[in-house]
>>> print(open('run.cif').read())   # mmCIF, C-alpha atoms
data_upload
#
loop_
_atom_site.label_atom_id
_atom_site.label_comp_id
_atom_site.auth_asym_id
_atom_site.auth_seq_id
_atom_site.Cartn_x
_atom_site.Cartn_y
_atom_site.Cartn_z
CA MET A 9 64.38 17.47 9.91
CA ASP A 10 62.68 14.14 10.61
CA GLU A 11 61.76 15.32 14.10
CA GLU A 12 60.14 18.46 12.70
CA LEU A 13 58.17 16.33 10.23
CA GLN A 14 57.02 13.99 13.01
CA VAL A 15 55.96 16.89 15.24
CA GLU A 16 54.14 18.52 12.32
CA THR A 17 52.35 15.24 11.46
CA GLN A 18 51.36 14.68 15.09
CA THR A 19 50.07 18.24 15.36
CA LYS A 20 48.10 17.80 12.14
CA ASN A 21 46.58 14.53 13.43
CA VAL A 22 45.59 16.14 16.73
CA VAL A 23 43.94 19.08 14.92
CA GLU A 24 42.08 16.73 12.54
CA THR A 25 40.83 14.65 15.48
CA GLU A 26 39.60 17.77 17.30
CA VAL A 27 37.82 19.01 14.15
CA LYS A 28 36.16 15.59 13.65
CA GLU A 29 35.02 15.57 17.28
CA GLU A 30 33.55 19.08 16.90
CA VAL A 31 31.76 18.11 13.68
CA THR A 32 30.42 14.96 15.33
CA GLU A 33 29.23 16.94 18.35
CA GLU A 34 27.58 19.52 16.07
CA THR A 35 25.88 16.76 14.07
CA VAL A 36 24.58 15.13 17.23
CA LYS A 37 23.31 18.48 18.52
CA GLU A 38 21.59 19.19 15.18
CA GLU A 39 19.94 15.75 15.19
CA GLU A 40 18.76 16.25 18.78
CA GLN A 41 17.37 19.66 17.82
CA GLU A 42 15.52 18.13 14.83
CA GLU A 43 14.05 15.44 17.10
CA GLU A 44 12.93 18.09 19.56
CA ASP A 45 11.38 20.10 16.72
CA GLU A 46 9.56 17.00 15.49
CA GLU A 47 8.30 16.23 18.97
CA ALA A 48 7.13 19.82 19.35
CA LEU A 49 4.61 19.42 16.48
CA PRO A 50 1.20 18.19 17.57
CA HIS A 51 -0.30 15.14 15.91
CA SER A 52 -2.85 17.21 13.97
CA GLU A 53 -0.08 19.25 12.33
CA PHE A 54 1.75 16.06 11.37
CA LEU A 55 -1.46 14.81 9.76
CA ASP A 56 -1.88 18.08 7.85
CA ILE A 57 1.70 17.91 6.54
CA PHE A 58 1.24 14.25 5.60
CA GLU A 59 -2.05 14.91 3.79
CA GLU A 60 -0.48 17.81 1.83
CA GLY A 61 2.31 15.49 0.70
CA LEU A 62 -0.19 12.78 -0.14
CA ALA A 63 -2.24 15.23 -2.23
CA LEU A 64 0.90 16.04 -4.24
CA ILE A 65 1.61 12.34 -4.80
CA VAL A 66 -1.95 11.67 -5.97
CA GLN A 67 -1.63 14.44 -8.58
CA ASP A 68 0.94 12.30 -10.40
CA PRO A 69 -0.53 11.00 -13.72
CA LEU A 70 0.27 7.43 -12.71
CA LEU A 71 -1.68 7.70 -9.46
CA CYS A 72 -4.44 10.15 -10.47
CA ASP A 73 -7.26 7.51 -10.38
CA LEU A 74 -6.69 6.91 -6.67
CA PRO A 75 -9.01 8.46 -4.09
CA ILE A 76 -7.92 11.44 -1.99
CA GLN A 77 -7.77 9.35 1.21
CA VAL A 78 -5.50 6.78 -0.42
CA THR A 79 -3.84 3.99 1.52
CA LEU A 80 -0.31 2.70 1.07
CA GLU A 81 -1.77 -0.60 -0.12
CA GLU A 82 -3.63 1.20 -2.94
CA VAL A 83 -0.51 3.10 -4.02
CA ASN A 84 1.54 -0.11 -4.05
CA SER A 85 -1.17 -1.87 -6.07
CA GLN A 86 -1.25 0.93 -8.64
CA VAL A 87 2.55 0.86 -8.99
CA ALA A 88 2.53 -2.95 -9.34
CA LEU A 89 -0.16 -2.60 -12.00
CA GLU A 90 1.97 -0.12 -13.92
CA TYR A 91 4.97 -2.46 -13.82
CA GLY A 92 2.88 -5.42 -15.03
CA GLN A 93 3.17 -7.25 -11.71
CA ALA A 94 -0.57 -7.01 -11.08
CA MET A 95 -3.84 -7.07 -13.01
CA THR A 96 -7.24 -5.46 -12.68
CA VAL A 97 -10.26 -7.73 -12.42
CA ARG A 98 -13.56 -5.95 -12.97
CA VAL A 99 -16.08 -7.42 -10.52
CA CYS A 100 -19.64 -6.74 -11.70
CA LYS A 101 -22.40 -6.68 -9.11
CA ALA A 102 -26.12 -7.31 -9.79
CA ASP A 103 -26.94 -3.61 -9.29
CA GLY A 104 -24.64 -2.70 -12.20
CA GLU A 105 -21.77 -1.42 -10.06
CA ILE A 106 -18.33 -2.41 -11.36
CA MET A 107 -15.54 -2.71 -8.82
CA PRO A 108 -12.01 -2.52 -10.27
CA ILE A 109 -10.05 -4.95 -8.08
CA VAL A 110 -6.24 -5.08 -8.35
CA VAL A 111 -4.55 -8.42 -7.62
CA VAL A 112 -1.09 -9.81 -8.36
CA GLN A 113 -0.62 -11.80 -11.57
CA SER A 114 -0.37 -15.10 -9.67
CA ALA A 115 -3.46 -14.44 -7.52
CA THR A 116 -5.80 -17.21 -6.39
CA VAL A 117 -9.57 -17.03 -6.02
CA LEU A 118 -9.04 -16.48 -2.29
CA ASP A 119 -6.74 -13.51 -3.03
CA LEU A 120 -9.47 -12.03 -5.24
CA LYS A 121 -12.07 -12.51 -2.49
CA LYS A 122 -9.81 -10.81 0.07
CA ALA A 123 -9.18 -7.93 -2.35
CA ILE A 124 -12.94 -7.53 -2.85
CA GLN A 125 -13.40 -7.47 0.93
CA ARG A 126 -10.69 -4.84 1.32
CA HIS A 127 -12.17 -2.75 -1.51
CA MET A 128 -15.63 -2.84 0.07
CA GLU A 129 -14.31 -2.05 3.57
CA LEU A 130 -12.38 0.98 2.27
CA LYS A 131 -15.44 2.13 0.33
CA GLN A 132 -17.63 1.81 3.45
CA GLN A 133 -15.10 3.77 5.54
CA ARG A 134 -14.94 6.59 2.98
CA GLU A 135 -18.71 6.79 2.55
CA GLY A 136 -19.54 6.22 6.21
CA GLY A 137 -21.92 3.36 5.45
CA VAL A 138 -22.41 -0.02 7.13
CA LYS A 139 -19.93 -0.61 9.92
CA HIS A 140 -19.62 -4.39 9.64
CA ILE A 141 -20.14 -6.88 6.84
CA SER A 142 -20.30 -10.59 7.59
CA TRP A 143 -18.06 -11.94 4.84
CA LYS A 144 -18.72 -15.49 5.98
CA TYR A 145 -22.38 -14.90 5.14
CA VAL A 146 -21.54 -13.13 1.86
CA TRP A 147 -19.39 -15.99 0.52
CA ARG A 148 -21.98 -18.52 1.69
CA THR A 149 -24.79 -16.81 -0.27
CA PHE A 150 -22.87 -15.36 -3.25
CA HIS A 151 -20.24 -16.69 -5.63
CA LEU A 152 -17.96 -15.35 -8.34
CA VAL A 153 -18.54 -16.41 -11.95
CA PHE A 154 -16.28 -16.03 -15.01
CA ASN A 155 -17.59 -17.03 -18.46
CA GLY A 156 -20.35 -19.12 -16.89
CA GLU A 157 -17.94 -21.03 -14.63
CA ARG A 158 -18.11 -20.66 -10.86
CA LEU A 159 -14.87 -19.79 -9.09
CA GLU A 160 -15.34 -22.38 -6.34
CA ASP A 161 -11.81 -23.55 -5.51
CA ASP A 162 -10.18 -20.84 -3.38
CA ARG A 163 -6.69 -22.31 -3.93
CA ARG A 164 -6.93 -22.31 -7.73
CA LYS A 165 -5.18 -19.49 -9.58
CA LEU A 166 -7.24 -16.98 -11.54
CA LYS A 167 -5.12 -17.74 -14.63
CA ASP A 168 -6.26 -21.39 -14.41
CA TYR A 169 -9.80 -20.12 -14.96
CA GLY A 170 -8.57 -18.05 -17.92
CA ILE A 171 -8.91 -14.72 -16.13
CA ARG A 172 -6.58 -12.04 -17.51
CA ASN A 173 -6.11 -8.30 -17.00
CA ARG A 174 -9.34 -6.28 -17.35
CA ASP A 175 -11.59 -9.35 -17.52
CA ASP A 176 -15.07 -9.21 -15.99
CA VAL A 177 -16.03 -11.49 -13.11
CA THR A 178 -19.65 -11.48 -11.97
CA PHE A 179 -20.66 -11.39 -8.31
CA MET A 180 -23.85 -13.53 -8.26
CA LYS A 181 -26.29 -14.76 -5.68
CA LYS A 182 -26.34 -18.54 -5.32
CA LEU A 183 -29.58 -20.18 -6.34
CA GLY A 184 -31.42 -22.15 -3.69
CA LYS A 185 -31.50 -25.96 -4.02
CA LYS A 186 -34.84 -27.81 -3.97
#
>>> encode(input="run.cif", output="structure tokens")
Amino acid sequence: MDEELQVETQTKNVVETEVKEEVTEETVKEEEQEEEDEEALPHSEFLDIFEEGLALIVQDPLLCDLPIQVTLEEVNSQVALEYGQAMTVRVCKADGEIMPIVVVQSATVLDLKKAIQRHMELKQQREGGVKHISWKYVWRTFHLVFNGERLEDDRRKLKDYGIRNRDDVTFMKKLGKK
């Protein structure tokens, strides 16, 4: 009786091993087929599929203010804003344009400047405007002002200046010294 049980157990183990090997081989073949299918699609079709998916994401009420050609950075910023991990600083230019700039809660003046640069570069790309902006020149001739105080120290946190969510910061031209 014990011998029959041993033979039956061994047979069962051999069958299970063969089934596992077949399943593994089938899985590998399916994965290889999927990879081949993916490689068969041209780049333009991949872009079309990606843009369709992106259009669906942007229809979400949380992300509806984002532009159609949204970047991952913009989506992450919007999500961080929703979770209270970021804040919007409204940067007002002399021509009346208001740029909503999203920065993390612990952002420094330098972080705000970099976010402004990124915002302007994305805007230029989308509108097909100026190809290059000399930011060295911009920050040498303009400064940021909040409640009459210049944001001069790049390492200082925005909160140290009293800047909170949805506050206005003015982008002003520096006055010449005589």
>>> resolve_selection(input="run.cif", expression="the PyMOL selection byres ((chain A and resi 127-142) around 10)", output="list in words")
Pro75, Ile76, Gln77, Val78, Thr79, Glu82, Met107, Pro108, Ile109, Val110, Lys121, Lys122, Ala123, Ile124, Gln125, Arg126, Trp143, Lys144, Tyr145, Val146 and Trp147 of chain A
>>> write_last_selection(input="run.cif", atoms="C-alpha atoms", output="PDB file, in the coordinates of the input")
ATOM      1  CA  PRO A  75      -9.010   8.460  -4.090  1.00  0.00           C
ATOM      2  CA  ILE A  76      -7.920  11.440  -1.990  1.00  0.00           C
ATOM      3  CA  GLN A  77      -7.770   9.350   1.210  1.00  0.00           C
ATOM      4  CA  VAL A  78      -5.500   6.780  -0.420  1.00  0.00           C
ATOM      5  CA  THR A  79      -3.840   3.990   1.520  1.00  0.00           C
ATOM      6  CA  GLU A  82      -3.630   1.200  -2.940  1.00  0.00           C
ATOM      7  CA  MET A 107     -15.540  -2.710  -8.820  1.00  0.00           C
ATOM      8  CA  PRO A 108     -12.010  -2.520 -10.270  1.00  0.00           C
ATOM      9  CA  ILE A 109     -10.050  -4.950  -8.080  1.00  0.00           C
ATOM     10  CA  VAL A 110      -6.240  -5.080  -8.350  1.00  0.00           C
ATOM     11  CA  LYS A 121     -12.070 -12.510  -2.490  1.00  0.00           C
ATOM     12  CA  LYS A 122      -9.810 -10.810   0.070  1.00  0.00           C
ATOM     13  CA  ALA A 123      -9.180  -7.930  -2.350  1.00  0.00           C
ATOM     14  CA  ILE A 124     -12.940  -7.530  -2.850  1.00  0.00           C
ATOM     15  CA  GLN A 125     -13.400  -7.470   0.930  1.00  0.00           C
ATOM     16  CA  ARG A 126     -10.690  -4.840   1.320  1.00  0.00           C
ATOM     17  CA  TRP A 143     -18.060 -11.940   4.840  1.00  0.00           C
ATOM     18  CA  LYS A 144     -18.720 -15.490   5.980  1.00  0.00           C
ATOM     19  CA  TYR A 145     -22.380 -14.900   5.140  1.00  0.00           C
ATOM     20  CA  VAL A 146     -21.540 -13.130   1.860  1.00  0.00           C
ATOM     21  CA  TRP A 147     -19.390 -15.990   0.520  1.00  0.00           C
TER      22      TRP A 147
END
>>> axis_aligned_box(input="run.cif", around="stretch 138-154 of chain A", padding_each_side="4 Å", output="lines of an AutoDock Vina configuration file")
center_x = -20.5
center_y = -9.3
center_z = -2.5
size_x = 16.5
size_y = 26.5
size_z = 32.9
>>> closest_residue(input="run.cif", among="A:Gly104, A:Glu53, A:Val117, A:Leu74", to="A:Asp168", atoms="all atoms listed in the file")
A:Val117
>>> atom_distance(input="run.cif", atom1="atom CA of A:Ser52", atom2="atom CA of A:Leu64")
18.6 Å
>>> residues_near_point(input="run.cif", point="(-18.2, -19.7, -13.5)", cutoff="12 Å", atoms="all atoms listed in the file", output="PyMOL selection string")
chain A and resi 117+151-161+166+169-171+176-180+182
>>> atom_distance(input="run.cif", atom1="atom CA of A:Ser114", atom2="atom CA of A:Leu62")
29.5 Å
>>> atom_distance(input="run.cif", atom1="atom CA of A:Arg148", atom2="atom CA of A:Gly184")
11.5 Å
>>> resolve_selection(input="run.cif", expression="the PyMOL selection byres ((chain A and resi 93) around 12)", output="MDAnalysis selection string")
chainID A and resid 84:92 94:96 110:115 173
>>> write_last_selection(input="run.cif", atoms="C-alpha atoms", output="mmCIF file, in the coordinates of the input")
data_model
loop_
_atom_site.group_PDB
_atom_site.id
_atom_site.type_symbol
_atom_site.label_atom_id
_atom_site.label_comp_id
_atom_site.auth_asym_id
_atom_site.auth_seq_id
_atom_site.Cartn_x
_atom_site.Cartn_y
_atom_site.Cartn_z
ATOM 1 C CA ASN A 84 1.540 -0.110 -4.050
ATOM 2 C CA SER A 85 -1.170 -1.870 -6.070
ATOM 3 C CA GLN A 86 -1.250 0.930 -8.640
ATOM 4 C CA VAL A 87 2.550 0.860 -8.990
ATOM 5 C CA ALA A 88 2.530 -2.950 -9.340
ATOM 6 C CA LEU A 89 -0.160 -2.600 -12.000
ATOM 7 C CA GLU A 90 1.970 -0.120 -13.920
ATOM 8 C CA TYR A 91 4.970 -2.460 -13.820
ATOM 9 C CA GLY A 92 2.880 -5.420 -15.030
ATOM 10 C CA ALA A 94 -0.570 -7.010 -11.080
ATOM 11 C CA MET A 95 -3.840 -7.070 -13.010
ATOM 12 C CA THR A 96 -7.240 -5.460 -12.680
ATOM 13 C CA VAL A 110 -6.240 -5.080 -8.350
ATOM 14 C CA VAL A 111 -4.550 -8.420 -7.620
ATOM 15 C CA VAL A 112 -1.090 -9.810 -8.360
ATOM 16 C CA GLN A 113 -0.620 -11.800 -11.570
ATOM 17 C CA SER A 114 -0.370 -15.100 -9.670
ATOM 18 C CA ALA A 115 -3.460 -14.440 -7.520
ATOM 19 C CA ASN A 173 -6.110 -8.300 -17.000
#
>>> closest_residue(input="run.cif", among="A:Leu71, A:Leu118, A:Phe150, A:Leu49", to="A:Lys165", atoms="all atoms listed in the file")
A:Leu118
